[in-house]
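Have a look at model29.tsv below; it lists TSV, C-alpha atoms.
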chain	number	residue	atom	x	y	z
A	161	GLU	CA	-23.99	2.47	-15.61
A	162	VAL	CA	-26.71	2.37	-18.28
A	163	GLY	CA	-25.86	5.78	-19.77
A	164	TRP	CA	-22.14	5.04	-19.71
A	165	GLN	CA	-22.85	1.72	-21.46
A	166	GLN	CA	-24.07	3.69	-24.46
A	167	LEU	CA	-20.70	5.48	-24.63
A	168	ALA	CA	-18.80	2.20	-24.74
A	169	ASP	CA	-21.22	0.52	-27.15
A	170	GLY	CA	-21.09	3.48	-29.50
A	171	GLY	CA	-17.30	3.42	-29.78
A	172	GLY	CA	-16.97	6.54	-27.67
A	173	MET	CA	-14.07	5.27	-25.57
A	174	GLU	CA	-12.08	4.41	-28.69
A	175	LEU	CA	-12.64	7.94	-30.03
A	176	LEU	CA	-11.42	9.44	-26.75
A	177	VAL	CA	-8.30	7.29	-26.82
A	178	ASP	CA	-7.62	8.35	-30.43
A	179	LEU	CA	-7.75	12.01	-29.37
A	180	MET	CA	-5.44	11.32	-26.44
A	181	ARG	CA	-2.92	9.68	-28.77
A	182	GLN	CA	-2.54	12.91	-30.73
A	183	GLY	CA	-0.46	14.34	-27.92
A	184	PRO	CA	-0.87	17.48	-25.82
A	185	SER	CA	-3.66	19.71	-27.14
A	186	ARG	CA	-6.91	21.20	-25.88
A	187	ALA	CA	-8.83	18.37	-27.52
A	188	ALA	CA	-6.60	15.74	-25.92
A	189	GLU	CA	-6.95	17.41	-22.53
A	190	ALA	CA	-10.73	17.38	-22.80
A	191	ALA	CA	-10.71	13.78	-24.02
A	192	THR	CA	-8.55	12.71	-21.08
A	193	ALA	CA	-10.89	14.36	-18.58
A	194	ALA	CA	-13.90	12.82	-20.32
A	195	ALA	CA	-12.34	9.34	-20.26
A	196	ALA	CA	-11.50	9.71	-16.57
A	197	ASN	CA	-15.07	10.69	-15.77
A	198	ALA	CA	-16.48	7.90	-17.93
A	199	MET	CA	-14.42	5.25	-16.13
A	200	GLU	CA	-14.98	6.48	-12.58
A	201	ALA	CA	-18.05	4.32	-11.96
A	202	SER	CA	-18.17	2.11	-15.07
A	203	GLY	CA	-16.36	-1.19	-15.41
A	204	THR	CA	-17.70	-1.41	-18.97
A	205	ASN	CA	-15.90	1.77	-19.94
A	206	ARG	CA	-12.71	0.70	-18.21
A	207	ALA	CA	-12.69	-2.47	-20.27
A	208	ALA	CA	-13.38	-0.56	-23.50
A	209	PHE	CA	-10.66	1.99	-22.70
A	210	GLY	CA	-8.16	-0.80	-22.06
A	211	ARG	CA	-9.03	-2.63	-25.27
A	212	ALA	CA	-8.52	0.59	-27.22
A	213	GLY	CA	-4.95	0.96	-25.94
A	214	GLY	CA	-5.83	3.57	-23.34
A	215	LEU	CA	-2.99	2.75	-20.97
A	216	ALA	CA	-0.35	3.57	-23.60
A	217	ALA	CA	-2.16	6.82	-24.42
A	218	VAL	CA	-2.21	7.81	-20.74
A	219	MET	CA	1.50	7.08	-20.37
A	220	GLY	CA	2.26	9.22	-23.39
A	221	LEU	CA	0.48	12.19	-21.82
A	222	LEU	CA	2.22	11.63	-18.50
A	223	ARG	CA	5.53	11.90	-20.32
A	224	GLY	CA	4.80	14.92	-22.46
A	225	GLY	CA	1.85	16.92	-21.18
A	226	ASP	CA	1.80	20.11	-19.13
A	227	PRO	CA	1.03	19.82	-15.39
A	228	ARG	CA	-2.74	20.10	-15.87
A	229	MET	CA	-2.72	17.53	-18.64
A	230	GLN	CA	-0.58	15.19	-16.55
A	231	GLU	CA	-2.94	15.54	-13.60
A	232	ASN	CA	-5.89	14.61	-15.84
A	233	ALA	CA	-3.90	11.66	-17.17
A	234	MET	CA	-3.09	10.46	-13.66
A	235	THR	CA	-6.78	10.69	-12.75
A	236	CYS	CA	-7.52	8.66	-15.86
A	237	LEU	CA	-4.97	6.02	-14.83
A	238	TRP	CA	-6.33	5.81	-11.29
A	239	ASN	CA	-9.88	5.31	-12.54
A	240	LEU	CA	-8.71	2.73	-15.09
A	241	LEU	CA	-7.06	0.68	-12.34
A	242	THR	CA	-10.11	0.70	-10.06
A	243	ASP	CA	-11.35	-2.89	-9.65
A	244	ASN	CA	-9.47	-3.79	-12.83
A	245	LYS	CA	-6.95	-6.59	-12.41
A	246	GLU	CA	-6.34	-6.81	-16.13
A	247	ALA	CA	-5.22	-3.17	-16.25
A	248	GLU	CA	-3.04	-3.67	-13.16
A	249	GLY	CA	-1.30	-6.54	-14.89
A	250	GLU	CA	-0.74	-4.52	-18.05
A	251	LEU	CA	0.68	-1.66	-15.98
A	252	VAL	CA	3.29	-3.73	-14.16
A	253	ARG	CA	4.33	-5.52	-17.37
A	254	ASP	CA	5.12	-2.25	-19.13
A	255	PRO	CA	8.80	-1.59	-18.32
A	256	GLY	CA	8.49	2.20	-18.44
A	257	SER	CA	5.29	2.72	-16.50
A	258	ILE	CA	6.41	2.31	-12.88
A	259	PRO	CA	9.42	4.71	-13.13
A	260	LEU	CA	7.12	7.29	-14.74
A	261	ILE	CA	4.58	7.01	-11.91
A	262	VAL	CA	7.41	7.23	-9.37
A	263	GLN	CA	8.48	10.49	-11.02
A	264	HIS	CA	4.98	11.89	-10.57
A	265	VAL	CA	5.01	11.02	-6.87
A	266	LEU	CA	8.13	13.15	-6.60
A	267	THR	CA	7.33	16.06	-8.93
A	268	GLY	CA	3.65	15.98	-9.88
A	269	THR	CA	0.87	18.35	-8.90
A	270	THR	CA	-0.67	17.95	-5.44
A	271	ALA	CA	-3.52	15.82	-6.78
A	272	GLY	CA	-1.20	14.01	-9.19
A	273	GLN	CA	1.17	12.99	-6.40
A	274	GLU	CA	-1.71	11.59	-4.36
A	275	LEU	CA	-3.08	9.55	-7.26
A	276	ALA	CA	0.40	8.37	-8.25
A	277	ALA	CA	0.88	7.05	-4.71
A	278	GLY	CA	-2.37	5.11	-5.06
A	279	CYS	CA	-1.26	3.66	-8.38
A	280	LEU	CA	2.01	2.48	-6.82
A	281	TRP	CA	0.04	0.87	-4.00
A	282	LYS	CA	-1.95	-1.11	-6.55
A	283	ALA	CA	1.21	-2.01	-8.49
A	284	CYS	CA	3.05	-3.27	-5.40
A	285	SER	CA	0.05	-5.29	-4.29
A	286	ARG	CA	-0.13	-6.84	-7.74
A	287	ASP	CA	3.52	-7.74	-8.37
A	288	HIS	CA	6.44	-7.95	-5.93
A	289	ALA	CA	8.88	-7.56	-8.83
A	290	VAL	CA	8.17	-3.82	-9.12
A	291	LYS	CA	9.20	-3.03	-5.54
A	292	GLU	CA	12.79	-2.26	-6.41
A	293	GLN	CA	11.57	0.44	-8.81
A	294	VAL	CA	9.03	1.73	-6.31
A	295	GLY	CA	11.79	2.24	-3.75
A	296	ALA	CA	12.80	5.42	-5.57
A	297	ALA	CA	9.42	6.94	-4.62
A	298	ILE	CA	9.82	6.43	-0.87
A	299	PRO	CA	11.09	9.99	-0.13
A	300	GLY	CA	8.03	11.39	-1.91
A	301	LEU	CA	5.67	8.98	-0.15
A	302	VAL	CA	7.09	10.00	3.23
A	303	GLN	CA	6.63	13.66	2.28
A	304	LEU	CA	2.96	12.95	1.52
A	305	LEU	CA	2.61	11.44	5.00
A	306	LEU	CA	3.95	14.67	6.46
A	307	ALA	CA	2.25	17.28	4.30
A	308	GLY	CA	-0.57	15.64	2.33
A	309	GLY	CA	-4.27	15.71	3.10
A	310	PRO	CA	-6.10	12.73	4.63
A	311	GLY	CA	-6.54	10.99	1.26
A	312	ALA	CA	-2.90	11.47	0.31
A	313	LYS	CA	-1.76	10.18	3.68
A	314	GLU	CA	-3.89	7.06	3.28
A	315	LEU	CA	-2.64	6.28	-0.23
A	316	ALA	CA	1.00	7.00	0.65
A	317	ALA	CA	0.81	4.81	3.75
A	318	GLY	CA	-0.83	2.06	1.70
A	319	ALA	CA	1.94	2.25	-0.88
A	320	LEU	CA	4.57	2.01	1.87
A	321	ARG	CA	2.66	-0.87	3.45
A	322	SER	CA	2.95	-2.90	0.25
A	323	ALA	CA	6.38	-1.63	-0.81
A	324	CYS	CA	8.20	-2.98	2.23
A	325	ILE	CA	6.69	-6.47	2.26
A	326	GLY	CA	9.63	-8.74	1.51
A	327	SER	CA	11.95	-5.83	0.73
A	328	HIS	CA	14.71	-5.06	3.21
A	329	ALA	CA	15.94	-2.26	0.97
A	330	ASN	CA	12.60	-0.47	1.07
A	331	ARG	CA	12.32	-0.92	4.83
A	332	ASP	CA	15.73	0.66	5.26
A	333	ALA	CA	14.81	3.50	2.90
A	334	ILE	CA	11.70	4.29	4.94
A	335	ARG	CA	13.80	4.69	8.07
A	336	ARG	CA	16.47	6.77	6.34
A	337	CYS	CA	13.81	9.16	5.01
A	338	GLY	CA	12.27	9.71	8.42
A	339	GLY	CA	9.37	7.45	7.56
A	340	ILE	CA	9.09	5.72	10.93
A	341	ALA	CA	8.32	8.98	12.74
A	342	ALA	CA	6.03	10.07	9.90
A	343	LEU	CA	4.02	6.83	10.05
A	344	LEU	CA	3.60	7.16	13.81
A	345	GLN	CA	2.42	10.74	13.33
A	346	VAL	CA	-0.31	9.54	10.97
A	347	VAL	CA	-1.31	6.77	13.40
A	348	ARG	CA	-1.79	9.43	16.08
A	349	LEU	CA	-4.13	11.37	13.79
A	350	GLY	CA	-6.56	8.45	13.52
A	351	GLY	CA	-8.97	7.75	10.67
A	352	ARG	CA	-8.57	5.61	7.57
A	353	ALA	CA	-5.01	6.79	6.95
A	354	ALA	CA	-4.04	5.63	10.44
A	355	VAL	CA	-5.02	2.04	9.60
A	356	GLN	CA	-2.68	1.96	6.61
A	357	ALA	CA	0.08	3.76	8.53
A	358	CYS	CA	-0.14	1.26	11.36
A	359	ALA	CA	0.10	-1.62	8.87
A	360	ALA	CA	3.02	0.06	7.11
A	361	LEU	CA	4.82	0.51	10.42
A	362	THR	CA	4.23	-3.15	11.23
A	363	ASN	CA	5.68	-4.28	7.91
A	364	ALA	CA	8.60	-1.88	8.13
A	365	CYS	CA	9.58	-3.34	11.50
A	366	ALA	CA	9.40	-6.99	10.43
A	367	GLU	CA	12.88	-8.54	10.50
A	368	SER	CA	14.49	-5.11	10.92
A	369	GLU	CA	16.27	-4.40	14.19
A	370	HIS	CA	17.17	-0.89	13.02
A	371	ASN	CA	13.55	-0.03	12.31
A	372	GLN	CA	12.38	-1.64	15.53
A	373	ARG	CA	14.84	0.49	17.46
A	374	ALA	CA	13.81	3.64	15.58
A	375	ALA	CA	10.12	2.94	16.25
A	376	GLU	CA	10.79	2.31	19.93
A	377	GLU	CA	12.67	5.59	20.21
A	378	GLU	CA	9.69	7.41	18.65
A	379	GLY	CA	7.28	6.00	21.23
A	380	ALA	CA	5.69	3.27	19.12
A	381	VAL	CA	5.04	0.76	21.89
A	382	PRO	CA	2.86	2.94	24.16
A	383	LEU	CA	1.10	4.34	21.09
A	384	LEU	CA	0.25	0.87	19.77
A	385	VAL	CA	-0.94	-0.20	23.22
A	386	ALA	CA	-3.27	2.82	23.26
A	387	VAL	CA	-4.48	2.01	19.73
A	388	LEU	CA	-5.12	-1.58	20.79
A	389	ARG	CA	-7.10	-0.45	23.83
A	390	ASP	CA	-9.22	1.97	21.81
A	391	GLY	CA	-9.87	-0.54	19.06
A	392	VAL	CA	-11.07	-3.22	21.46
A	393	THR	CA	-13.29	-0.68	23.19
A	394	HIS	CA	-14.91	0.89	20.13
A	395	GLY	CA	-14.98	-1.94	17.59
A	396	GLY	CA	-16.08	-1.12	14.02
A	397	GLU	CA	-13.22	0.33	11.99
A	398	GLY	CA	-11.07	-0.22	15.07
A	399	ARG	CA	-11.02	-3.96	14.41
A	400	GLU	CA	-8.52	-3.60	11.59
A	401	MET	CA	-6.48	-1.26	13.76
A	402	VAL	CA	-6.44	-3.93	16.46
A	403	GLU	CA	-4.97	-6.44	14.00
A	404	CYS	CA	-2.35	-3.94	12.85
A	405	ALA	CA	-1.47	-2.82	16.38
A	406	VAL	CA	-1.14	-6.28	17.86
A	407	THR	CA	0.99	-7.50	14.93
A	408	GLY	CA	3.07	-4.35	15.21
A	409	LEU	CA	3.67	-4.98	18.90
A	410	ARG	CA	4.73	-8.52	18.11
A	411	ASN	CA	7.20	-7.30	15.49
A	412	LEU	CA	8.57	-4.62	17.78
A	413	CYS	CA	8.96	-6.72	20.89
A	414	ASP	CA	9.86	-10.18	19.63
A	415	SER	CA	13.55	-10.75	18.96
A	416	ASN	CA	12.77	-13.90	16.98
A	417	ALA	CA	12.29	-12.76	13.39
A	418	GLY	CA	10.73	-16.10	12.52
A	419	LEU	CA	7.74	-15.26	14.68
A	420	GLN	CA	7.18	-11.86	13.09
A	421	ALA	CA	4.65	-11.30	10.34
A	422	GLU	CA	3.76	-8.91	7.53
A	423	LEU	CA	0.31	-7.59	6.75
A	424	GLY	CA	-0.63	-7.98	3.08
Serialized structure, C-alpha cells:
Amino acid sequence: EVGWQQLADGGGMELLVDLMRQGPSRAAEAATAAAANAMEASGTNRAAFGRAGGLAAVMGLLRGGDPRMQENAMTCLWNLLTDNKEAEGELVRDPGSIPLIVQHVLTGTTAGQELAAGCLWKACSRDHAVKEQVGAAIPGLVQLLLAGGPGAKELAAGALRSACIGSHANRDAIRRCGGIAALLQVVRLGGRAAVQACAALTNACAESEHNQRAAEEEGAVPLLVAVLRDGVTHGGEGREMVECAVTGLRNLCDSNAGLQAELG
C-alpha cells in the first residue's frame, strides 16, 4: 500500500473525485477506473475517496453514464465498500442509493449486475431496514443464480441469504421467482457459491411452510443429506456447508417454527 499511500497523501483521490463529479466524459471515465484500481487493495485510498464525497460522485455516474461508465462506477462502489463499514453506513443512509443499485442488478452489464448483487449483500448485512427496497431485485438475483458465472452466483446467493432474514415478503418473492429450485441447482454445483446458496435456502425456508414444501418437492432433503455426508467426510470448506445443511434440514423438517433458525 506504500505507493497508493502517496496518491492519497498527495490529494490524488480528491482530484479523481472532482473529475468524476463533472459527469460523463472520457476524463471522468478514466478517473472512475483509476479510483476503482486505487481502492482495490488500499484502505487508505478508500478513506480518502469517502472523505472527498466519492460515494455521491459514483451514484451520479450510475444514474447518468453510458453502460461502460456505469460498469466502472459499480466497480468503484464495490471496491469502496470492501472492508469499509463507514462507507456501508453512508450507502444505506442515502435514500436513493439502494433503488439505484437494484436497477443495476436488473438492467446493468454482466459485470455490473454481479457487482450490484454484491453491494446489495453488503447493504442487507449492514441494515435490515433496506430489505424492503432490496426485494425488488430478487428476480434479477434469481436470474444470476441461473445464468451467471461462479462469482455472480456466489454474490447473488449471498444477497438472497441476507435479504430474506426476517423478511417474509422476500422469502415469498424468492419462491415466486423460482428461486428455491435455482438455489438448489447452485448447491448441486458445489464450490463457494454453493455455501451461500445453501445458507440462502435455509433462511428462505425458516418459518415458511410454502417454501419448505417447494424445497421438498425439488428434492432438497436428500440433497442436503448428501451435502452433510460429504462435508463431514472432507472437512475444510465443507465445515460451513455442514452448518448450512444441518440447519436447512432442521428448517425443512421441523414443524415448530420456534425451533428454526436463520444463518446471518
Worksheet item: Looking at A:Gly338, A:Gly326, A:Gly183, A:Gly256, which one is nearest to Gly300 (chain A), with distances taken over only C-alpha atoms?
Response: A:Gly338
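The spacing separating CA of Cys284 (chain A) from CA of Arg348 (chain A) amounts to 25.4 Å.
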Worksheet item: Rounded to one decimal in Å, what is the spacing between CA of Pro259 (chain A) and CA of Asn363 (chain A)?
Response: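 Atom-to-atom, CA of Pro259 (chain A) and CA of Asn363 (chain A) are spaced 23.2 Å apart.
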Worksheet item: Which residues, protein or nucleic acid, reach to within 8 Å of (12.6, 6.8, 0.6) in the file's coordinates when using all atoms listed in the file, and can you give that as a PyMOL selection string?
Response: chain A and resi 295-302+330+333-337+339
Item to complete: Within 10 Å of Gly224 (chain A), counting only C-alpha atoms, which residues show up once you throw out same-chain ones fewer than 5 positions away? Write them as a PyMOL selection string, please.
Response: chain A and resi 183-184+219+229-230
Practice prompt. Would you list the residues near (-7.6, 16.7, -25.7) (no more than 12 Å away, in the coordinates of the file, using all atoms listed in the file) as a PyMOL selection string?
Written response: chain A and resi 175-195+217-218+221+225-226+228-230+232-233
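When all atoms listed in the file are used to measure the gap to Ala276 (chain A), the shortest distance among A:Gln293, A:Thr362, A:Thr242, A:Thr235 belongs to A:Thr235.
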Worksheet item: What gap, in Å, lies between CA of Ala375 (chain A) and CA of Leu412 (chain A)?
Response: 7.9 Å
Worksheet item: So which one's closest to Glu314 (chain A), A:Arg389, A:Arg352, A:Arg206, A:Arg373? Using all atoms listed in the file, please.
Response: A:Arg352
Worksheet entry | Shortest interatomic distance to Gly379 (chain A) - which of A:Lys313, A:Gly351, A:Leu343, A:Gln273, counting only C-alpha atoms |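 Looking only at the distances to Gly379 (chain A), the closest residue turns out to be A:Leu343.
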Item to complete: Check the smallest atom-to-atom distance from each of A:Val294, A:Ala271, A:Leu304, A:Ala317 to Val252 (chain A) using only C-alpha atoms, then report the winner.
Response: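 Ranking A:Val294, A:Ala271, A:Leu304, A:Ala317 by distance to Val252 (chain A), first place goes to A:Val294.
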Fill in: Nearest to Val347 (chain A) by atom-to-atom distance, counting only C-alpha atoms, from A:Ala201, A:Ala405, A:Met173, A:Ala319
A:Ala405
Fill in: Close residues, Arg331 (chain A) itself excluded, 8 Å, only C-alpha atoms, min 3 positions apart in chain, as a list in words
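In the requested format, the answer is Cys324, Ser327, His328, Ile334, Arg335, Ala364, Cys365, Ser368 and Asn371 of chain A.
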Those same residues, written as a PDB file, keeping the file's coordinate frame with C-alpha atoms?
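Below is the file result.pdb, written as the result:
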ATOM      1  CA  CYS A 324       8.200  -2.980   2.230  1.00  0.00           C
ATOM      2  CA  SER A 327      11.950  -5.830   0.730  1.00  0.00           C
ATOM      3  CA  HIS A 328      14.710  -5.060   3.210  1.00  0.00           C
ATOM      4  CA  ILE A 334      11.700   4.290   4.940  1.00  0.00           C
ATOM      5  CA  ARG A 335      13.800   4.690   8.070  1.00  0.00           C
ATOM      6  CA  ALA A 364       8.600  -1.880   8.130  1.00  0.00           C
ATOM      7  CA  CYS A 365       9.580  -3.340  11.500  1.00  0.00           C
ATOM      8  CA  SER A 368      14.490  -5.110  10.920  1.00  0.00           C
ATOM      9  CA  ASN A 371      13.550  -0.030  12.310  1.00  0.00           C
TER      10      ASN A 371
END
Quick one: region 396-407 of chain A with all heavy atoms, as a PDB file, in the coordinates of the input?
ATOM      1  N   GLY A 396     -15.910  -1.757  15.328  1.00  0.00           N
ATOM      2  CA  GLY A 396     -16.080  -1.120  14.020  1.00  0.00           C
ATOM      3  C   GLY A 396     -14.781  -1.053  13.254  1.00  0.00           C
ATOM      4  O   GLY A 396     -14.079  -2.054  13.093  1.00  0.00           O
ATOM      5  N   GLU A 397     -14.453   0.142  12.751  1.00  0.00           N
ATOM      6  CA  GLU A 397     -13.220   0.330  11.990  1.00  0.00           C
ATOM      7  C   GLU A 397     -12.006  -0.004  12.833  1.00  0.00           C
ATOM      8  O   GLU A 397     -10.942  -0.334  12.318  1.00  0.00           O
ATOM      9  CB  GLU A 397     -13.130   1.789  11.508  1.00  0.00           C
ATOM     10  CG  GLU A 397     -11.983   2.046  10.560  1.00  0.00           C
ATOM     11  CD  GLU A 397     -11.940   3.484  10.072  1.00  0.00           C
ATOM     12  OE1 GLU A 397     -11.313   4.321  10.750  1.00  0.00           O
ATOM     13  OE2 GLU A 397     -12.547   3.768   9.031  1.00  0.00           O
ATOM     14  N   GLY A 398     -12.172   0.078  14.174  1.00  0.00           N
ATOM     15  CA  GLY A 398     -11.070  -0.220  15.070  1.00  0.00           C
ATOM     16  C   GLY A 398     -10.601  -1.652  15.008  1.00  0.00           C
ATOM     17  O   GLY A 398      -9.492  -1.958  15.449  1.00  0.00           O
ATOM     18  N   ARG A 399     -11.414  -2.543  14.451  1.00  0.00           N
ATOM     19  CA  ARG A 399     -11.020  -3.960  14.410  1.00  0.00           C
ATOM     20  C   ARG A 399      -9.769  -4.160  13.554  1.00  0.00           C
ATOM     21  O   ARG A 399      -8.898  -4.952  13.911  1.00  0.00           O
ATOM     22  CB  ARG A 399     -12.180  -4.804  13.869  1.00  0.00           C
ATOM     23  CG  ARG A 399     -13.374  -4.855  14.818  1.00  0.00           C
ATOM     24  CD  ARG A 399     -14.563  -5.540  14.188  1.00  0.00           C
ATOM     25  NE  ARG A 399     -15.716  -5.516  15.080  1.00  0.00           N
ATOM     26  CZ  ARG A 399     -16.943  -5.856  14.708  1.00  0.00           C
ATOM     27  NH1 ARG A 399     -17.169  -6.242  13.457  1.00  0.00           N
ATOM     28  NH2 ARG A 399     -17.937  -5.806  15.572  1.00  0.00           N
ATOM     29  N   GLU A 400      -9.720  -3.474  12.422  1.00  0.00           N
ATOM     30  CA  GLU A 400      -8.520  -3.600  11.590  1.00  0.00           C
ATOM     31  C   GLU A 400      -7.318  -2.975  12.284  1.00  0.00           C
ATOM     32  O   GLU A 400      -6.199  -3.471  12.193  1.00  0.00           O
ATOM     33  CB  GLU A 400      -8.741  -2.934  10.225  1.00  0.00           C
ATOM     34  CG  GLU A 400      -7.605  -3.208   9.244  1.00  0.00           C
ATOM     35  CD  GLU A 400      -7.891  -2.684   7.851  1.00  0.00           C
ATOM     36  OE1 GLU A 400      -8.976  -2.121   7.631  1.00  0.00           O
ATOM     37  OE2 GLU A 400      -7.022  -2.843   6.980  1.00  0.00           O
ATOM     38  N   MET A 401      -7.557  -1.887  13.001  1.00  0.00           N
ATOM     39  CA  MET A 401      -6.480  -1.260  13.760  1.00  0.00           C
ATOM     40  C   MET A 401      -5.954  -2.197  14.834  1.00  0.00           C
ATOM     41  O   MET A 401      -4.756  -2.234  15.125  1.00  0.00           O
ATOM     42  CB  MET A 401      -6.959   0.042  14.391  1.00  0.00           C
ATOM     43  CG  MET A 401      -7.061   1.208  13.432  1.00  0.00           C
ATOM     44  SD  MET A 401      -5.439   1.747  12.824  1.00  0.00           S
ATOM     45  CE  MET A 401      -4.810   2.614  14.269  1.00  0.00           C
ATOM     46  N   VAL A 402      -6.859  -2.964  15.441  1.00  0.00           N
ATOM     47  CA  VAL A 402      -6.440  -3.930  16.460  1.00  0.00           C
ATOM     48  C   VAL A 402      -5.489  -4.946  15.846  1.00  0.00           C
ATOM     49  O   VAL A 402      -4.432  -5.260  16.411  1.00  0.00           O
ATOM     50  CB  VAL A 402      -7.666  -4.634  17.078  1.00  0.00           C
ATOM     51  CG1 VAL A 402      -7.227  -5.853  17.886  1.00  0.00           C
ATOM     52  CG2 VAL A 402      -8.430  -3.672  17.971  1.00  0.00           C
ATOM     53  N   GLU A 403      -5.834  -5.474  14.668  1.00  0.00           N
ATOM     54  CA  GLU A 403      -4.970  -6.440  14.000  1.00  0.00           C
ATOM     55  C   GLU A 403      -3.601  -5.835  13.709  1.00  0.00           C
ATOM     56  O   GLU A 403      -2.555  -6.456  13.955  1.00  0.00           O
ATOM     57  CB  GLU A 403      -5.603  -6.923  12.694  1.00  0.00           C
ATOM     58  CG  GLU A 403      -4.729  -7.903  11.927  1.00  0.00           C
ATOM     59  CD  GLU A 403      -5.280  -8.259  10.563  1.00  0.00           C
ATOM     60  OE1 GLU A 403      -6.361  -7.764  10.200  1.00  0.00           O
ATOM     61  OE2 GLU A 403      -4.610  -9.032   9.854  1.00  0.00           O
ATOM     62  N   CYS A 404      -3.613  -4.602  13.182  1.00  0.00           N
ATOM     63  CA  CYS A 404      -2.350  -3.940  12.850  1.00  0.00           C
ATOM     64  C   CYS A 404      -1.523  -3.678  14.107  1.00  0.00           C
ATOM     65  O   CYS A 404      -0.305  -3.903  14.136  1.00  0.00           O
ATOM     66  CB  CYS A 404      -2.615  -2.627  12.133  1.00  0.00           C
ATOM     67  SG  CYS A 404      -3.396  -2.813  10.516  1.00  0.00           S
ATOM     68  N   ALA A 405      -2.192  -3.196  15.160  1.00  0.00           N
ATOM     69  CA  ALA A 405      -1.470  -2.820  16.380  1.00  0.00           C
ATOM     70  C   ALA A 405      -0.883  -4.046  17.074  1.00  0.00           C
ATOM     71  O   ALA A 405       0.273  -4.022  17.525  1.00  0.00           O
ATOM     72  CB  ALA A 405      -2.396  -2.072  17.322  1.00  0.00           C
ATOM     73  N   VAL A 406      -1.633  -5.115  17.141  1.00  0.00           N
ATOM     74  CA  VAL A 406      -1.140  -6.280  17.860  1.00  0.00           C
ATOM     75  C   VAL A 406      -0.008  -6.960  17.084  1.00  0.00           C
ATOM     76  O   VAL A 406       0.976  -7.448  17.675  1.00  0.00           O
ATOM     77  CB  VAL A 406      -2.283  -7.272  18.168  1.00  0.00           C
ATOM     78  CG1 VAL A 406      -2.748  -8.015  16.930  1.00  0.00           C
ATOM     79  CG2 VAL A 406      -1.880  -8.253  19.257  1.00  0.00           C
ATOM     80  N   THR A 407      -0.106  -6.958  15.738  1.00  0.00           N
ATOM     81  CA  THR A 407       0.990  -7.500  14.930  1.00  0.00           C
ATOM     82  C   THR A 407       2.203  -6.601  15.023  1.00  0.00           C
ATOM     83  O   THR A 407       3.348  -7.071  15.068  1.00  0.00           O
ATOM     84  CB  THR A 407       0.553  -7.665  13.465  1.00  0.00           C
ATOM     85  OG1 THR A 407      -0.674  -8.400  13.410  1.00  0.00           O
ATOM     86  CG2 THR A 407       1.610  -8.408  12.665  1.00  0.00           C
TER      87      THR A 407
END
